[in-house]
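Inspection log for the structure reproduced underneath, given as structure tokens.
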Amino acid sequence: MDGTAEMFAGFAQRIAREAGTQQGMMREGDYIEDGLIHCGKCKGKRQTRVKIPGSGGATITVPCICKCEAKAEENRKKQEEARQELQRMERLRSASLIENRLKNANLTTFQQTKDNVQLYKIVRNYVQNFDEMYRNNQGLLLYGPVGTGKSYAAACIANELLNQKIPVIMTSFVKILQMIQDKQVEESELIARLNNARLLIIDDLGTERNTDYGLEKVYNVIDSRYLAGKPLILTTNLMLTDMKENMDTRYKRIYDRIFAMCFPHRVAGASWRMNQAADRYDEIRKRLLED
């Protein structure tokens, strides 16, 4: 045998030695046929003969995987992939910063009424066409009175996209400013983290402190998102006319960026919070006053 054949033969012999003798390899139900171990379950070979290059046709017996072992390995890999996928989803949801009360919001749980038919269509179509929305840097501005479901609608979009393994962050400027002021993270690092998400959702625009410092940070976040060419969704209790007609330069440059990026939609109707509070009141009143 030439050098290559000797090397191959030595390698194959080492495999065989490490695997042990045939007797040592035998499992309950296994049997030997044509000098090779066969699986007692699937009848497939658990050993095979391999020709040694340059040896003139000499062979060596080495272990191999039978069909049921191959199936078991395939299942193990699928389980490991599923485990890793679950961990990835958990990391995505942890990074999303969505409040606990909104973590179960989705299109299935969205309660449609005569007041929010258009809102539901916007949420559904935005999710279904997100690739296009992302390419076109198209966001949303959901504005209107308190308690009409703006945050819930935005959370539906976030959770539906997270279920598709699309990175989304949903937070508020109150939280962002608090993180910067408390030195939890450098502003530049935080903005970079926000811009890593394919979609950024800022809830309750206008509830943050309206100081020069605060407005500057708000502008920096929105402007960096604009420059990154990635979509932004905002919810706010502010009215559209208040934003469009505001002549204060500090606010105007913020709103100009928003209108350049976001399609505005007024979310109207009765307050969900007030209705829920009334329902709770009626239920408790009945329980407390019943005989």
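Residue numbering restarts at 1 in every chain; chains get A, B, ... in the order shown in the structure tokens, and ligands count up from 1 in that same order.
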Note to self: Would you pick out the contacts of A:Leu215 at 12 Å or less, using only C-alpha atoms, so that residues sharing its chain but fewer than 2 positions from it are not included, and give the list as a PyMOL selection string?
What the structure shows: chain A and resi 173-174+176-177+205-213+217-223+248-255
Can those selected residues be exported to a file as a PDB file, in the first residue's frame so that it contains C-alpha atoms?
ATOM      1  CA  PHE A 173     -39.829  58.489  25.389  1.00  0.00           C
ATOM      2  CA  VAL A 174     -40.451  58.583  29.138  1.00  0.00           C
ATOM      3  CA  ILE A 176     -35.842  56.401  26.983  1.00  0.00           C
ATOM      4  CA  LEU A 177     -35.199  59.695  28.768  1.00  0.00           C
ATOM      5  CA  LEU A 205     -45.564  60.715  22.348  1.00  0.00           C
ATOM      6  CA  GLY A 206     -46.101  63.974  24.254  1.00  0.00           C
ATOM      7  CA  THR A 207     -46.214  62.550  27.785  1.00  0.00           C
ATOM      8  CA  GLU A 208     -42.478  63.138  28.305  1.00  0.00           C
ATOM      9  CA  ARG A 209     -41.244  66.323  29.984  1.00  0.00           C
ATOM     10  CA  ASN A 210     -41.263  69.213  27.529  1.00  0.00           C
ATOM     11  CA  THR A 211     -37.883  70.653  28.503  1.00  0.00           C
ATOM     12  CA  ASP A 212     -35.220  71.711  26.025  1.00  0.00           C
ATOM     13  CA  TYR A 213     -33.199  68.700  27.141  1.00  0.00           C
ATOM     14  CA  LYS A 217     -33.408  63.726  23.025  1.00  0.00           C
ATOM     15  CA  VAL A 218     -36.780  63.072  21.380  1.00  0.00           C
ATOM     16  CA  TYR A 219     -35.556  64.701  18.183  1.00  0.00           C
ATOM     17  CA  ASN A 220     -32.293  62.749  18.261  1.00  0.00           C
ATOM     18  CA  VAL A 221     -34.141  59.420  18.429  1.00  0.00           C
ATOM     19  CA  ILE A 222     -36.613  60.285  15.657  1.00  0.00           C
ATOM     20  CA  ASP A 223     -33.990  61.902  13.432  1.00  0.00           C
ATOM     21  CA  ASP A 248     -42.300  76.379  18.112  1.00  0.00           C
ATOM     22  CA  THR A 249     -39.068  75.389  16.347  1.00  0.00           C
ATOM     23  CA  ARG A 250     -38.259  72.759  18.981  1.00  0.00           C
ATOM     24  CA  TYR A 251     -41.509  70.926  18.263  1.00  0.00           C
ATOM     25  CA  LYS A 252     -41.780  71.763  14.568  1.00  0.00           C
ATOM     26  CA  ARG A 253     -38.594  69.941  13.577  1.00  0.00           C
ATOM     27  CA  ILE A 254     -39.781  66.867  15.502  1.00  0.00           C
ATOM     28  CA  TYR A 255     -43.208  66.853  13.866  1.00  0.00           C
TER      29      TYR A 255
END
Note to self: Using DSSP secondary structure from the backbone, list all strand (DSSP E) positions within stretch 21-226 of chain A, as a PyMOL selection string.
What the structure shows: chain A and resi 31-33+36-38+47-51+59-63+139-143+168-172+199-205
Margin query: Would you pick out the contacts of A:Lys244 at 9 Å or less, using only C-alpha atoms, so that residues sharing its chain but fewer than 3 positions from it are not included, and give the list as number ranges by chain?
Written below: A: 239-241, 247, 252, 255-256, 259
Margin query: So that I can see what lies close to A:Gly29, please list as a PyMOL selection string the residues with an atom at most 10 Å from it, counting only C-alpha atoms and leaving out residues fewer than 5 positions away in the same chain.
Written below: chain A and resi 38-41+43
Could those residues be written to a file, using C-alpha atoms, as a PDB file, in the first residue's frame?
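Here's the written file selection-v7.pdb:
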ATOM      1  CA  HIS A  38     -27.689  -5.147  11.492  1.00  0.00           C
ATOM      2  CA  CYS A  39     -30.172  -3.208  13.623  1.00  0.00           C
ATOM      3  CA  GLY A  40     -32.769  -5.398  15.272  1.00  0.00           C
ATOM      4  CA  LYS A  41     -35.393  -2.610  14.869  1.00  0.00           C
ATOM      5  CA  LYS A  43     -32.950  -4.094   9.881  1.00  0.00           C
TER       6      LYS A  43
END
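Of the residues in stretch 196-235 of chain A, those given alpha helix (DSSP H) by DSSP on the backbone are Asn196, Asp212, Tyr213, Gly214, Leu215, Glu216, Lys217, Val218, Tyr219, Asn220, Val221, Ile222, Asp223, Ser224, Arg225, Tyr226, Leu227 and Ala228 of chain A.
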With N, CA and C atoms retained, write the just-selected residues as a PDB file, in the first residue's frame.
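Okay, this is what ended up in selection.pdb:
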ATOM      1  N   ASN A 196     -31.276  49.105  15.657  1.00  0.00           N
ATOM      2  CA  ASN A 196     -31.039  47.727  15.225  1.00  0.00           C
ATOM      3  C   ASN A 196     -32.347  47.004  14.950  1.00  0.00           C
ATOM      4  N   ASP A 212     -36.126  71.665  27.173  1.00  0.00           N
ATOM      5  CA  ASP A 212     -35.220  71.711  26.025  1.00  0.00           C
ATOM      6  C   ASP A 212     -34.405  70.419  25.936  1.00  0.00           C
ATOM      7  N   TYR A 213     -33.989  69.934  27.097  1.00  0.00           N
ATOM      8  CA  TYR A 213     -33.199  68.700  27.141  1.00  0.00           C
ATOM      9  C   TYR A 213     -34.025  67.529  26.615  1.00  0.00           C
ATOM     10  N   GLY A 214     -35.255  67.405  27.132  1.00  0.00           N
ATOM     11  CA  GLY A 214     -36.101  66.293  26.726  1.00  0.00           C
ATOM     12  C   GLY A 214     -36.441  66.330  25.252  1.00  0.00           C
ATOM     13  N   LEU A 215     -36.789  67.502  24.741  1.00  0.00           N
ATOM     14  CA  LEU A 215     -37.154  67.636  23.330  1.00  0.00           C
ATOM     15  C   LEU A 215     -35.961  67.348  22.419  1.00  0.00           C
ATOM     16  N   GLU A 216     -34.780  67.712  22.872  1.00  0.00           N
ATOM     17  CA  GLU A 216     -33.575  67.428  22.095  1.00  0.00           C
ATOM     18  C   GLU A 216     -33.370  65.927  21.967  1.00  0.00           C
ATOM     19  N   LYS A 217     -33.579  65.184  23.053  1.00  0.00           N
ATOM     20  CA  LYS A 217     -33.408  63.726  23.025  1.00  0.00           C
ATOM     21  C   LYS A 217     -34.479  63.074  22.153  1.00  0.00           C
ATOM     22  N   VAL A 218     -35.698  63.594  22.227  1.00  0.00           N
ATOM     23  CA  VAL A 218     -36.780  63.072  21.380  1.00  0.00           C
ATOM     24  C   VAL A 218     -36.423  63.256  19.908  1.00  0.00           C
ATOM     25  N   TYR A 219     -35.945  64.442  19.573  1.00  0.00           N
ATOM     26  CA  TYR A 219     -35.556  64.701  18.183  1.00  0.00           C
ATOM     27  C   TYR A 219     -34.419  63.789  17.755  1.00  0.00           C
ATOM     28  N   ASN A 220     -33.445  63.587  18.615  1.00  0.00           N
ATOM     29  CA  ASN A 220     -32.293  62.749  18.261  1.00  0.00           C
ATOM     30  C   ASN A 220     -32.730  61.330  17.915  1.00  0.00           C
ATOM     31  N   VAL A 221     -33.667  60.784  18.689  1.00  0.00           N
ATOM     32  CA  VAL A 221     -34.141  59.420  18.429  1.00  0.00           C
ATOM     33  C   VAL A 221     -34.882  59.360  17.097  1.00  0.00           C
ATOM     34  N   ILE A 222     -35.810  60.300  16.880  1.00  0.00           N
ATOM     35  CA  ILE A 222     -36.613  60.285  15.657  1.00  0.00           C
ATOM     36  C   ILE A 222     -35.747  60.571  14.438  1.00  0.00           C
ATOM     37  N   ASP A 223     -34.848  61.543  14.565  1.00  0.00           N
ATOM     38  CA  ASP A 223     -33.990  61.902  13.432  1.00  0.00           C
ATOM     39  C   ASP A 223     -33.043  60.765  13.066  1.00  0.00           C
ATOM     40  N   SER A 224     -32.507  60.079  14.061  1.00  0.00           N
ATOM     41  CA  SER A 224     -31.587  58.970  13.782  1.00  0.00           C
ATOM     42  C   SER A 224     -32.330  57.834  13.091  1.00  0.00           C
ATOM     43  N   ARG A 225     -33.582  57.635  13.469  1.00  0.00           N
ATOM     44  CA  ARG A 225     -34.404  56.612  12.807  1.00  0.00           C
ATOM     45  C   ARG A 225     -34.657  57.013  11.358  1.00  0.00           C
ATOM     46  N   TYR A 226     -34.923  58.285  11.146  1.00  0.00           N
ATOM     47  CA  TYR A 226     -35.144  58.807   9.790  1.00  0.00           C
ATOM     48  C   TYR A 226     -33.894  58.606   8.930  1.00  0.00           C
ATOM     49  N   LEU A 227     -32.740  58.938   9.486  1.00  0.00           N
ATOM     50  CA  LEU A 227     -31.488  58.806   8.745  1.00  0.00           C
ATOM     51  C   LEU A 227     -31.120  57.341   8.500  1.00  0.00           C
ATOM     52  N   ALA A 228     -31.546  56.464   9.409  1.00  0.00           N
ATOM     53  CA  ALA A 228     -31.278  55.032   9.249  1.00  0.00           C
ATOM     54  C   ALA A 228     -32.159  54.422   8.171  1.00  0.00           C
TER      55      ALA A 228
END
Check: Could you name the residues that touch A:Leu190 at 9 Å or less, counting only C-alpha atoms, but leaving out those on the same chain fewer than 5 positions away, as a count of residues only?
Finding: 5
Notebook entry, point to check: Within 7 Å of stretch 198-200 of chain A, counting only C-alpha atoms, which residues qualify if same-chain residues fewer than 6 places away don't, as an MDAnalysis selection string?
Noted result: chainID A and resid 166:170 230:233
Write a file of the just-selected residues containing C-alpha atoms, as an mmCIF file, in the first residue's frame.
data_model
loop_
_atom_site.group_PDB
_atom_site.id
_atom_site.type_symbol
_atom_site.label_atom_id
_atom_site.label_comp_id
_atom_site.auth_asym_id
_atom_site.auth_seq_id
_atom_site.Cartn_x
_atom_site.Cartn_y
_atom_site.Cartn_z
ATOM 1 C CA ILE A 166 -38.778 40.203 13.084
ATOM 2 C CA PRO A 167 -36.960 42.339 15.704
ATOM 3 C CA VAL A 168 -39.284 45.017 17.118
ATOM 4 C CA ILE A 169 -38.813 47.422 20.008
ATOM 5 C CA MET A 170 -41.824 49.097 21.622
ATOM 6 C CA LYS A 230 -36.141 52.371 9.032
ATOM 7 C CA PRO A 231 -39.851 52.660 9.867
ATOM 8 C CA LEU A 232 -41.261 54.181 13.034
ATOM 9 C CA ILE A 233 -44.713 53.884 14.613
#
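Among the candidates A:Phe110, A:Tyr120, A:Tyr31, A:Phe130, the one nearest to A:Leu162 when counting only C-alpha atoms is A:Phe130.
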Extract, using only C-alpha atoms, all DNA, RNA and protein residues at most 6 Å from A:Cys66, discarding same-chain residues fewer than 5 positions from it, and format them as an mmCIF file with all heavy atoms, in the first residue's frame.
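Output contents, as saved in selection_18.cif:
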data_model
loop_
_atom_site.group_PDB
_atom_site.id
_atom_site.type_symbol
_atom_site.label_atom_id
_atom_site.label_comp_id
_atom_site.auth_asym_id
_atom_site.auth_seq_id
_atom_site.Cartn_x
_atom_site.Cartn_y
_atom_site.Cartn_z
ATOM 1 N N GLY A 44 -31.572 -2.202 9.293
ATOM 2 C CA GLY A 44 -30.516 -1.541 8.544
ATOM 3 C C GLY A 44 -29.145 -1.875 9.084
ATOM 4 O O GLY A 44 -28.981 -2.311 10.230
ATOM 5 N N LYS A 45 -28.110 -1.641 8.248
ATOM 6 C CA LYS A 45 -26.740 -1.945 8.657
ATOM 7 C C LYS A 45 -26.255 -0.965 9.719
ATOM 8 O O LYS A 45 -26.524 0.239 9.635
ATOM 9 C CB LYS A 45 -25.805 -1.872 7.445
ATOM 10 C CG LYS A 45 -26.046 -2.935 6.394
ATOM 11 C CD LYS A 45 -25.068 -2.744 5.239
ATOM 12 C CE LYS A 45 -25.288 -3.780 4.149
ATOM 13 N NZ LYS A 45 -24.372 -3.584 3.001
ATOM 14 N N ARG A 46 -25.524 -1.526 10.701
ATOM 15 C CA ARG A 46 -24.839 -0.696 11.682
ATOM 16 C C ARG A 46 -23.328 -0.765 11.474
ATOM 17 O O ARG A 46 -22.563 -0.144 12.202
ATOM 18 C CB ARG A 46 -25.191 -1.124 13.101
ATOM 19 C CG ARG A 46 -26.670 -0.882 13.443
ATOM 20 C CD ARG A 46 -26.971 -1.077 14.917
ATOM 21 N NE ARG A 46 -26.132 -0.221 15.728
ATOM 22 C CZ ARG A 46 -25.345 -0.659 16.712
ATOM 23 N NH1 ARG A 46 -25.279 -1.956 16.993
ATOM 24 N NH2 ARG A 46 -24.601 0.180 17.405
#
Next item on the list: Mind giving me the straight-line distance from atom CA of A:Gly139 to atom CA of A:Met261 in Å, one decimal?
Entry: 5.7 Å
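Residue nearest A:Ala153, chosen from A:Asp131, A:Glu187, A:Glu80, A:Asp203 and counting only C-alpha atoms: A:Asp203.
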Notebook entry, point to check: What is the atom CA of A:Leu142 to atom CA of A:Arg257 distance in Å?
Noted result: 15.2 Å
